[in-house]
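See below for the structure under consideration.
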Amino acid sequence: MSRQYYIAGNWKMNKVKGEAVELAKALVEQLKDGKNKYMIAPSFTNLDAVAQVVKGSNILLGAQNMSTEESGAHTGEVSVLMLKDLGVQTVILGHSERRHIYKEDDAMINKKVKLALAHGLEVVLCIGELLEEREAGKAEQVCEEQTRKGLAGVSAADMAKVIIAYEPVWAIGTGKTATPEDAQAIHQFTRGVLADMYGKDVAEQTIIQYGGSMKAENAAALLAQPDVDGGLIGGASLKAETFIPICKTY
Ligand code: PGA
């Protein structure tokens, strides 16, 4: 496979500063000879402290979200300029918790995607269906729509900085993982959508991560699938003992 494995940790709303720094230090030490691409996304309040730890390492610093706007009257929001100022290199957008708990829609997510790319950030665009959508046979349709709408107006050249994360909502934090075959089916389908939008070359180069209860025990089988190029890991990324083995699966 020419695509490099990309393993990312989404720490969500966990860890106070001291805990975040401690985990980041352990990861820097234990991944220094790792051969894959790595990223961790601490909460906004811990970005500055974690930035100091990962600086110069092979671990990218990610944010979990950002505002649709650069500045102004947006109480409680965090701007792309603030993220860049702290050394953030990548941003997770459209996570299912943002879509479903905080009601972010595709138009809003698309605005964020374009703003992040315009400022040179890498984007991890999350897509994925709800359980009822899967049961209704609509998994592909939902993923296609989220991909097309999320990437509307994004150029083929900008796709070099876009990662797609397929995260079936029913598998996030539930302990239920998609089977490797289920994951592969949606990854392959999504790569086909990208090929239709951008051509085969861009589609072949785009990293598509899997997320949803990924852990050391299931990572090898998932990552062995031809279109599964990495993982976006929540629960298992919160401890070095559970994250490192996933990072070092291959
Ligand atoms: P999980 O979360 O690994 O805890 O299921 C994945 C994610 O939401 O990114």
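Labels for the structure tokens follow display order: chains A, B, ..., residues from 1 in each chain, ligands from 1.
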If you count only C-alpha atoms, which residues fall within 9 Å of Lys25 of chain A, apart from same-chain ones fewer than 3 positions away, as a PDB file with C-alpha atoms, in the first residue's frame?
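This went into selection.pdb:
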```pdb
ATOM      1  CA  ALA A  20      -2.497  15.647  29.147  1.00  0.00           C
ATOM      2  CA  VAL A  21       1.165  16.642  29.407  1.00  0.00           C
ATOM      3  CA  GLU A  22       2.059  13.359  31.087  1.00  0.00           C
ATOM      4  CA  VAL A  28       6.648  11.186  22.364  1.00  0.00           C
ATOM      5  CA  GLU A  29       9.076   8.836  24.066  1.00  0.00           C
ATOM      6  CA  GLN A  30       7.439   5.601  22.961  1.00  0.00           C
ATOM      7  CA  VAL A  50       0.815  19.702  24.795  1.00  0.00           C
ATOM      8  CA  VAL A  53       5.745  18.527  24.525  1.00  0.00           C
ATOM      9  CA  VAL A  54       5.217  17.364  20.928  1.00  0.00           C
TER      10      VAL A  54
END
```
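Proximal residues of ligand 1 are Asn10, Ala171, Ile172, Gly173, Gly211, Gly212, Ser213, Met214, Leu232, Ile233, Gly234, Gly235 and Ala236 of chain A, by a cut-off of 6 Å on only C-alpha atoms and all ligand atoms.
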N, CA and C atoms of the current selection, written as a PDB file, in the first residue's frame:
```
ATOM      1  N   ASN A  10      -8.078  10.905  19.579  1.00  0.00           N
ATOM      2  CA  ASN A  10      -9.032  11.975  19.879  1.00  0.00           C
ATOM      3  C   ASN A  10      -9.358  11.880  21.364  1.00  0.00           C
ATOM      4  N   ALA A 171     -20.753   2.540  16.609  1.00  0.00           N
ATOM      5  CA  ALA A 171     -19.537   1.867  17.091  1.00  0.00           C
ATOM      6  C   ALA A 171     -18.679   2.776  17.967  1.00  0.00           C
ATOM      7  N   ILE A 172     -19.098   4.034  18.129  1.00  0.00           N
ATOM      8  CA  ILE A 172     -18.253   4.970  18.879  1.00  0.00           C
ATOM      9  C   ILE A 172     -18.522   4.869  20.376  1.00  0.00           C
ATOM     10  N   GLY A 173     -17.493   4.485  21.099  1.00  0.00           N
ATOM     11  CA  GLY A 173     -17.577   4.428  22.557  1.00  0.00           C
ATOM     12  C   GLY A 173     -18.515   3.347  23.066  1.00  0.00           C
ATOM     13  N   GLY A 211     -12.792   4.734  12.669  1.00  0.00           N
ATOM     14  CA  GLY A 211     -12.930   5.067  14.085  1.00  0.00           C
ATOM     15  C   GLY A 211     -14.187   4.445  14.654  1.00  0.00           C
ATOM     16  N   GLY A 212     -14.105   4.008  15.893  1.00  0.00           N
ATOM     17  CA  GLY A 212     -15.250   3.399  16.552  1.00  0.00           C
ATOM     18  C   GLY A 212     -14.795   2.151  17.278  1.00  0.00           C
ATOM     19  N   SER A 213     -14.493   2.340  18.587  1.00  0.00           N
ATOM     20  CA  SER A 213     -14.059   1.228  19.439  1.00  0.00           C
ATOM     21  C   SER A 213     -12.858   0.466  18.873  1.00  0.00           C
ATOM     22  N   MET A 214     -11.950   1.215  18.227  1.00  0.00           N
ATOM     23  CA  MET A 214     -10.725   0.559  17.770  1.00  0.00           C
ATOM     24  C   MET A 214      -9.811   0.367  18.968  1.00  0.00           C
ATOM     25  N   LEU A 232      -8.872   6.580  13.938  1.00  0.00           N
ATOM     26  CA  LEU A 232      -9.146   7.737  14.795  1.00  0.00           C
ATOM     27  C   LEU A 232      -9.697   7.130  16.082  1.00  0.00           C
ATOM     28  N   ILE A 233      -8.884   7.220  17.123  1.00  0.00           N
ATOM     29  CA  ILE A 233      -9.153   6.434  18.322  1.00  0.00           C
ATOM     30  C   ILE A 233      -9.546   7.317  19.493  1.00  0.00           C
ATOM     31  N   GLY A 234     -10.647   6.996  20.122  1.00  0.00           N
ATOM     32  CA  GLY A 234     -11.105   7.755  21.277  1.00  0.00           C
ATOM     33  C   GLY A 234     -10.649   7.085  22.561  1.00  0.00           C
ATOM     34  N   GLY A 235     -11.511   6.244  23.127  1.00  0.00           N
ATOM     35  CA  GLY A 235     -11.251   5.614  24.430  1.00  0.00           C
ATOM     36  C   GLY A 235      -9.859   5.027  24.586  1.00  0.00           C
ATOM     37  N   ALA A 236      -9.431   4.266  23.592  1.00  0.00           N
ATOM     38  CA  ALA A 236      -8.141   3.585  23.713  1.00  0.00           C
ATOM     39  C   ALA A 236      -6.947   4.521  23.517  1.00  0.00           C
TER      40      ALA A 236
END
```
Using only C-alpha atoms, which protein or nucleic acid residues come within 8 Å of Val80 of chain A? Drop anything in the same chain fewer than 3 positions from it, and give the result as a VMD selection string.
chain A and resid 66 to 67 69 to 70 83 to 84 115 to 116 119
Residue neighbourhood segment 177-188 of chain A, 10 Å, only C-alpha atoms, exclusion window fewer than 6 positions, as number ranges by chain:
A: 128, 139-140, 143-144, 164-168, 170-171, 194, 203, 207-215, 218-229
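Residues lying within 6 Å of Glu122 of chain A, counting only C-alpha atoms and ignoring same-chain neighbours fewer than 2 positions away, are Thr90, Lys161 and Val162 of chain A.
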Pull the closest atom pair for each residue of segment 136-246 of chain A that gets at most 7 Å from segment 109-112 of chain A, along with the distance in Å to one decimal, counting only C-alpha atoms, ordering rows by chain and then ascending residue number, as CSV.
```
residue,atom,partner,partner_atom,distance
A:Lys149,CA,A:Asn110,CA,6.6
A:Gly150,CA,A:Asn110,CA,4.4
A:Leu151,CA,A:Asn110,CA,6.1
A:Ala152,CA,A:Asn110,CA,6.7
```
In Å, how far is it from atom CA of Phe243 of chain A to atom CA of Ser2 of chain A?
23.7 Å
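Atom CA of Ser43 of chain A lies 6.4 Å from atom CA of Lys12 of chain A.
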Check segment 28-246 of chain A with DSSP on the backbone and list each residue it calls strand (DSSP E), as an MDAnalysis selection string.
chainID A and resid 37:41 59:63 90:93 122:127 162:166 208:210 230:233
So, with only C-alpha atoms as the atoms that count, which of A:Leu23, A:Ala63, A:Ile127, A:Ala160 lies closest to Val88 of chain A?
A:Ala63
Shell around Lys17 of chain A at 8 Å using only C-alpha atoms, local window under 6 positions removed, as a PyMOL selection string
chain A and resi 45-46+49
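The coordinates place atom CA of Gly153 of chain A at 19.7 Å from atom CA of Glu204 of chain A.
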Members of segment 3-228 of chain A assigned alpha helix (DSSP H) by DSSP, as a PyMOL selection string
chain A and resi 17-31+47-54+80-85+96-100+106-118+131-135+139-150+180-198+200-205+216-223
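Of the residues listed (A:Glu97, A:Asp158, A:Glu145, A:Glu217), A:Glu145 shows the shortest atom-to-atom separation from Thr190 of chain A; distances use only C-alpha atoms.
If only C-alpha atoms are the atoms counted, then among A:Gly192, A:Gly9, A:Gly137, A:Gly231 the closest residue to Leu27 of chain A is A:Gly9.
Of the listed residues A:Lys37, A:Val169, A:Trp11, A:Phe44, the one whose atoms come nearest to Leu131 of chain A is A:Val169, with distances taken using only C-alpha atoms.
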Identify which of the residues A:Val193, A:Ala41, A:Leu31, A:Met108 lies closest to Asn14 of chain A, counting only C-alpha atoms when measuring atom-to-atom distances.
A:Ala41
